[in-house]
Amino acid sequence: MAQAPAATYPHGQANLPAESHASGHAENTSTGLGHRKLLMWTFLGSECMFFGSLIATYLVYRNQNLNGPYPSEIIDVPITSLSTFVLLMSSLAMVLALNGIQRNKPRLGRFWTLMTAALGSVFLFFQVFEFHEFAIHGLTPRTNLFGTTFFTLTGFHGAHVTLGVVLLLIMAFVFSRSGREKLGLVLAVSGFYAVGVALLAHFFKIIPPIVGAPAFVITALGLAAMAGGGYLLAKPAAVRNVKAVSENLEITGLYWHFVDIVWIVIFTVVYLISANDGLGLAQGLGH
Amino acid sequence: MAKTGKSQDKPGMLGSLFWQSSDRYFQLPKTYAEAESPARKYENPFGRLVDRMSRMWVRLSSGDRHPTAGFYVIVGVVLTVITAIEVWAFTWPFGKAVINPILLALSAVKFVMVIGFFMHLRFEHPLFTRVFAAGLILAIAISLSLLALFFKLNG
Amino acid sequence: MTSTAVKFPTFIARPRAEHGLWSWITTIDHKRIGTLYGVTAFVFFLIGGVEALIMRTQLMSPENDFVSPEVYNQLFTMHGTTMVFLVIMPLSAAFFNWLIPLQIGARDVAFPRLNAFSYWLFLFGGILLNVGWLTGEAPNAGWFSYANLTEKPYSIGHGVTYWILGLQVLGVASLAASFNFIITIVNLRAPGMSFMKLPVFVWMTLVVGVLIIFAFPIITVALIQIQFDRLYGLNFFRPEAGGDPVMWQHMFWLFGHPEVYILILPAMGIVSEVLPTFSRKPLFGYPFVVFAGVSIAFMGFFVWSHHMFTVGLGPAATAAFSLSTMAIAVPTGIKIFNWVGTMYKGHLRLNTAMLFAIGFVTMFVVGGMSGVTHASPPTDAQQQDTYYIVAHFHYVLFGGSMLGLFSGAYYWWPKFTGRFLNEKIGQVHFWLMLVGFNLTFFPMHWLGLDGMPRRIFTYATGMGWDSSNYWATIGSYLIAVAVLVFIFNVFYSRKRGAVAGADPWDGRTLEWTIPSPPPEYNFKVIPHVKYRDDFWYTKHPELVAEMEGHGGHGSAGHKTISGAADMPPGITGEHGDTGGHGVHMPDKSYYPILVAAGLTFGVGTLLIQEPVILRWILPAIGFTFAFVSGLGWAFEPVNEPAAANDGH
Ligand SMILES: [Cu+2]
């Protein structure tokens with residue numbers, strides 16, 4: 001093990017010392033692999049156990065509800081298929097972002113980084129909508145075992161997505177050097193979230209004060225901010241040398257894809273396979 | 001790690017069906033470095049068609065030192081199609097015993113495609129695969145043991 | 001190179017203190033962090049020991065009323081939790097920190113600031129766990145806090161919540177440290193040091209790291225679940241809502257069994273270094289010791305239900321776990337034979353370190369034997385929840401882990417401080433501890449088989465348990481005296497201990513090639529390694545031919561790597577990178593302690609439920625503080641560019 005020439009693996013990121021883009025030292029690691037990338041992969045191996053435990057708990061408690069609402073009454077496969085598709089596309093955007101950076105097209109990389117964050121946020125909007133719908137139909141984490149295990153599992157997944165979005169936005173910010181670009185970034189991102197929140201609030205009545213006219217005003221302002229931000233970002237400018245941050249983006253990307261594959265499992269196990277789960281224990285199938 | 005493509009092992013009787021002294025049948029090149037060698041031919045029992053497909057694969061998956069954007073888009077499209085099939089399979093009028101394994105298999109394919117191509121495991125140092133697979137396999141094994149303990153395997 | 005570096009904003013000026021309190025708070029030197037771990041864990045050892053002494057005093061005579069039942073519950077809960085999470089694990093971490101870079105020929109760990117972060121999180125988590133003593137409601141549901149005793153209606157007050165949140169913080173600390181050591185061992189080995197040339201202590205550290213990163217996520221999830229049940233009224237372990245308390249037991253022991261190997265493997269690694277040195281022989285069957293350790297790690301995940309035989313899992317499951325438990329005794333037994341084989345026909349030097357190592361082997365055999373007896377479900381049914389179990393795990397964790405750690409302390413003290421611990425006082429320490437330990441815990445075998453249950457605060461007269469309990473208490477006082485002798489030895493030897501050179505024991509591993517105590521950068525020149533026990537063969541070149549002549553099964557491990565073959569044996573040559581450069585160590589940093597403080601504050605304040613607004617605001621403040629400090633950390637270069645430049 002460990003004697004493979006680093007050159008065989010173009011993604012291997014050999015010769016990068018830990019935590020240091022600034023020190024300028026090129027230390028060879030014993031394996032030729034970067035410390036931080038190896039750390040991320042080891043961390044993801046550990047995360048498998050984390051989500052594995054949550055999913056195992058969900059499965060053990062499947063069909064053990066003493067009262068409703070049961071999954072068959074509440075799970076909406078078409079809507080979730082849509083949000084699954086959105087998250088899948090965010091993974092594609094992520095890999096295109098890295099591809100742009102590695103081909104030394106930083107502006108393309110930044111665009112796709114922002115797209116990844118946007119698609120991830122749309123997924124989170126879907127999740128907020130779903131949790132809200134479930135609550136309206138009487139399912140909270142306290143209602144029954146399905147509520148307890150479902151909200152814990154998908155909630156922790158959502159928390160991972162949220163962290164990923166934050167990391168991606170920081171990445172996009174780091175790519176941008178000039179004040180004009182940073183302003184553009186802030187405008188575009190805040191406009192996007194304003195539109196998202198306003199639409200969510202208006203159509204699904206999640207936040208009562210912003211229904212109707214206020215929602216439309218916020219949407220209009222948000223769209224304007226996005227357009228302005230996009231304009232500021234689109235104008236060519238000297239871009240930061242992204243070599244130093246491409247490893248960061250690659251590692252963030254690994255995390256992002258992992259969150260996506262966890263959702264691949266959750267979508268199959270919690271939605272498709274469990275969608276028809278009915279009375280279960282309450283029906284007298286029992287222990 | 002053994003360097004791929006330079007294996008000097010003498011293949012056995014069974015092995016010679018799949019191996020050749022210069023190259024391996026059905027073994028796709030992994031990296032740009034492998035693809036770069038101009039003399040490389042993907043010898044195989046099916047002649048030029050597979051050779052040409054292999055070259056196309058190399059161009060798609062490792063052109064210009066990194067997989068091309070086009071390759072990633074193709075993977076994304078395939079993932080979408082599989083997801084669509086999953087949702088469609090969900091409506092098939094068969095019992096859970098038939099559909100659930102299909103659904104699990106399809107999601108496993110998606111899982112492997114994402115870690116293999118989007119996360120580059122296919123093109124990377126095997127150590128990454130090992131540390132991740134260790135956690136993944138352990139998690140699956142423990143989950144299955146737990147389900148067996150709770151008599152849930154056929155639920 | 002530096003010209004391409006990106007200039008990032010920094011929030012706080014870089015700390016510069018070289019001496020005094022601030023230099024310790026901001027340190028990221030693995031040796032200083034190791035010292036911090038050691039001292040902190042030893043303080044917790046004294047706290048946990050006092051808890052044990054109070055319990056033993058209470059049990060000295062029947063129907064005693066030295067402490068109340070409520071306090072007794074808190075004592076045994078905190079004694080167990082403290083000794084496992086705040087003593088043995090961090091004491092092992094102290095040795096990891098000090099020795100891993102030294103033994104693999106590295107200047108520091110892979111992530112120095114993450115290393116400091118792990119320590120501070122451990123300290124704060126330990127404090128959070130013990131806060132209950134100040135408020136009068138320490139955790140009181142046992143070290144495994146079985147559900148549904150831990151649910152709100154059955155454990156009112158904050159006690160169990162302190163336990164949950166404290167362990168959550170400690171878990172993150174252990175995970176961070178383990179990632180760090182795994183990457184360090186995989187990526188920072190000296191040139192030529194292949195995996196089969198690693199010292200066994202390094203191997204065991206790697207195995208422990210792997211166990212932690214795979215076992216701790218399980219307890220993290222279990223703690224989240226019980227925390228959600230307690231604080232937010234969810235249903236994970238509430239039977240009245242369909243939840244299953246047995247699920248907690250599964251989750252806990254899925255973590256808990258790997259945890260016992262996390263506790264014992266570091267001591268096994270230490271003993272595997274001490275025994276060869278003082279037997280003047282290479283470790284007998286090195287590959288077997290290594291693979292036994294690796295197979296223990298793997299099998300350790302599939303034996304957990306032996307803690308739950310009396311729950312009633314059904315005959316198939318019980319039989320399967322009984323068999324796997326008996327099977328896992330095999331690799332452990334292999335190691336015992338290897339240690340005995342190492343000593344066989346060796347020129348033994350019976351100094352304190354060696355005595356503790358031999359004490360480890362013998363006491364661990366006793367504990368291992370009693371452990372195998374409860375692999376058999378019918379026997380286990382009689383032993384469950386009795387003092388027999390208490391005897392068993394104290395033989396493994398005290399007679400095993402603690403004696404092993406003391407052995408390591410005496411062995412490496414000269415390397416850590418530059419002075420020996422006094423040998424005569426050390427021998428007194430050893431014999432007092434060995435006698436006291438056996439006097440305390442051996443009678444507990446009889447007590448347990450005679451039916452005395454664990455976790456009872458007193459017992460009736462006339463049960464026939466009086467004299468055993470009396471002598472056990474006397475034994476525990478002897479242990480206390482032995483610990484005092486050790487503390488005296490530490491202070492006595494600070495000034496009056498004999499000065500040790502670089503290599504006082506005629507050692508085998510790389511840490512003995514550098515001065516005692518080591519300079520901040522450890523190795524002036526990164527060594528090239530050709531053999532296992534490379535330093536030994538450098539000093540004794542006449543043994544090289546003998547070792548290489550062995551051939552057979554040994555040769556696999558002794559293969560030299562290509563490229564190093566033409567070099568003379570031992571520490572030669574120079575790591576290419578260091579030639580001509582000065583040695584730069586990473587700069588100190590404030591951020592690790594700030595992030596750790598923010599996280600602990602965020603997690604700790606989750607227990608404040610009363611004014612609903614505080615329920616969210618206080619944790620939010622903590623996590624935001626941690627996040628902002630984390631940003632500072634991320635954008636702070638390891639070396640200040642100016643500092644990095646002046647060496648070029
Ligand atoms: Cu066990």
# chains A, B, ... in the order shown; residues from 1 in each chain; ligands from 1

call {"tool": "residues_near_ligand", "arguments": {"ligand": "ligand 1", "cutoff": "10 Å", "atoms": "only C-alpha atoms and all ligand atoms", "output": "PDB file with C-alpha atoms, in the first residue's frame"}}
result
ATOM      1  CA  TRP C 253     -23.518  -1.462  23.377  1.00  0.00           C
ATOM      2  CA  LEU C 254     -22.947  -1.181  19.636  1.00  0.00           C
ATOM      3  CA  PHE C 255     -20.757   1.671  20.763  1.00  0.00           C
ATOM      4  CA  GLY C 256     -19.932   0.233  24.180  1.00  0.00           C
ATOM      5  CA  HIS C 257     -18.190  -2.914  23.141  1.00  0.00           C
ATOM      6  CA  PRO C 258     -15.811  -1.243  20.680  1.00  0.00           C
ATOM      7  CA  GLU C 259     -15.293   1.253  23.493  1.00  0.00           C
ATOM      8  CA  VAL C 260     -13.778  -1.397  25.773  1.00  0.00           C
ATOM      9  CA  TYR C 261     -11.189  -2.082  23.070  1.00  0.00           C
ATOM     10  CA  GLY C 300     -15.440  -5.897  18.206  1.00  0.00           C
ATOM     11  CA  PHE C 301     -18.415  -4.548  16.255  1.00  0.00           C
ATOM     12  CA  PHE C 302     -20.227  -7.876  16.187  1.00  0.00           C
ATOM     13  CA  VAL C 303     -20.286  -9.004  19.810  1.00  0.00           C
ATOM     14  CA  TRP C 304     -22.270  -6.212  21.434  1.00  0.00           C
ATOM     15  CA  SER C 305     -25.292  -8.218  22.498  1.00  0.00           C
ATOM     16  CA  HIS C 306     -23.293 -10.211  25.043  1.00  0.00           C
ATOM     17  CA  HIS C 307     -24.102  -7.307  27.348  1.00  0.00           C
ATOM     18  CA  MET C 308     -27.781  -8.071  26.818  1.00  0.00           C
ATOM     19  CA  THR C 325     -17.699 -13.366  21.951  1.00  0.00           C
ATOM     20  CA  GLY C 371     -14.648 -12.135  30.828  1.00  0.00           C
ATOM     21  CA  HIS C 374     -19.777 -14.452  30.716  1.00  0.00           C
ATOM     22  CA  ALA C 375     -19.597 -15.290  27.037  1.00  0.00           C
TER      23      ALA C 375
END

call {"tool": "residues_around", "arguments": {"residues": "C:Pro69", "least_positions_apart": "4", "cutoff": "9 Å", "atoms": "only C-alpha atoms", "output": "list in words"}}
result
Asp65, Asn73, Gln74, Ile456, Phe457 and Thr458 of chain C

call {"tool": "residues_around", "arguments": {"residues": "stretch 39-46 of chain A", "least_positions_apart": "2", "cutoff": "6 Å", "atoms": "only C-alpha atoms", "output": "PyMOL selection string"}}
result
(chain A and resi 36-37+48-49) or (chain B and resi 131-132+135) or (chain C and resi 213-214)

call {"tool": "write_last_selection", "arguments": {"atoms": "N, CA and C atoms", "output": "compact mmCIF listing (two decimals), in the first residue's frame"}}
result
# COMPACT_ATOMS: atom_id res chain seq x y z
N ARG A 36 -5.91 16.88 3.91
CA ARG A 36 -7.29 17.31 4.13
C ARG A 36 -8.28 16.49 3.33
N LYS A 37 -7.85 16.06 2.15
CA LYS A 37 -8.77 15.23 1.36
C LYS A 37 -8.92 13.86 2.03
N CYS A 48 -21.03 7.69 7.47
CA CYS A 48 -21.85 6.53 7.09
C CYS A 48 -22.43 5.87 8.34
N MET A 49 -21.61 5.78 9.40
CA MET A 49 -22.11 5.18 10.63
C MET A 49 -23.18 6.07 11.26
N VAL B 131 -11.18 3.69 2.95
CA VAL B 131 -11.68 4.28 4.20
C VAL B 131 -13.18 4.51 4.11
N PHE B 132 -13.66 4.88 2.93
CA PHE B 132 -15.10 5.12 2.82
C PHE B 132 -15.85 3.80 2.85
N GLY B 135 -16.44 2.27 6.36
CA GLY B 135 -17.58 2.81 7.09
C GLY B 135 -18.89 2.37 6.50
N ILE C 213 -13.72 6.33 15.21
CA ILE C 213 -14.49 7.03 14.16
C ILE C 213 -15.68 6.20 13.70
N PHE C 214 -15.66 4.89 13.93
CA PHE C 214 -16.83 4.11 13.53
C PHE C 214 -17.78 3.85 14.70

call {"tool": "residues_around", "arguments": {"residues": "B:Leu104", "least_positions_apart": "3", "cutoff": "10 Å", "atoms": "only C-alpha atoms", "output": "list in words"}}
result
Ile264, Val265, Thr268, Val269, Leu272 and Ile273 of chain A; Glu86, Ile99, Asn100, Pro101, Ser107, Ala108, Val109 and Lys110 of chain B

call {"tool": "closest_residue", "arguments": {"among": "C:Gly408, C:Tyr119, C:Gly462, C:Val202", "to": "C:Trp24", "atoms": "only C-alpha atoms"}}
result
C:Tyr119

call {"tool": "select_by_dssp", "arguments": {"residues": "stretch 85-146 of chain B", "states": "alpha helix (DSSP H)", "output": "ChimeraX atom specification"}}
result
/B:85-89,96-113,126-146

call {"tool": "select_by_dssp", "arguments": {"residues": "stretch 378-624 of chain C", "states": "strand (DSSP E or B)", "output": "list of chain:residue names"}}
result
C:Thr386, C:Arg419, C:Pro453, C:Val499

call {"tool": "closest_residue", "arguments": {"among": "A:Ile74, A:Ile101, A:Ile207, A:Leu232", "to": "chain B", "atoms": "only C-alpha atoms"}}
result
A:Ile101

call {"tool": "residues_around", "arguments": {"residues": "C:Gly507", "least_positions_apart": "4", "cutoff": "7 Å", "atoms": "only C-alpha atoms", "output": "ChimeraX atom specification"}}
result
/C:277,503,512,536

call {"tool": "write_last_selection", "arguments": {"atoms": "N, CA, C and O atoms", "output": "PDB file, in the first residue's frame"}}
result
ATOM      1  N   THR C 277      11.817  -3.825  25.125  1.00  0.00           N
ATOM      2  CA  THR C 277      12.971  -3.020  25.542  1.00  0.00           C
ATOM      3  C   THR C 277      13.652  -3.641  26.746  1.00  0.00           C
ATOM      4  O   THR C 277      14.879  -3.758  26.783  1.00  0.00           O
ATOM      5  N   ASP C 503      18.795   8.436  25.277  1.00  0.00           N
ATOM      6  CA  ASP C 503      18.395   7.034  25.119  1.00  0.00           C
ATOM      7  C   ASP C 503      18.685   6.259  26.394  1.00  0.00           C
ATOM      8  O   ASP C 503      19.568   5.396  26.428  1.00  0.00           O
ATOM      9  N   TRP C 512      13.802   7.706  20.840  1.00  0.00           N
ATOM     10  CA  TRP C 512      15.025   7.680  21.644  1.00  0.00           C
ATOM     11  C   TRP C 512      16.216   8.224  20.882  1.00  0.00           C
ATOM     12  O   TRP C 512      17.324   8.276  21.427  1.00  0.00           O
ATOM     13  N   TRP C 536      17.426   0.333  17.037  1.00  0.00           N
ATOM     14  CA  TRP C 536      18.087  -0.811  17.665  1.00  0.00           C
ATOM     15  C   TRP C 536      19.154  -1.390  16.738  1.00  0.00           C
ATOM     16  O   TRP C 536      20.275  -1.663  17.166  1.00  0.00           O
TER      17      TRP C 536
END
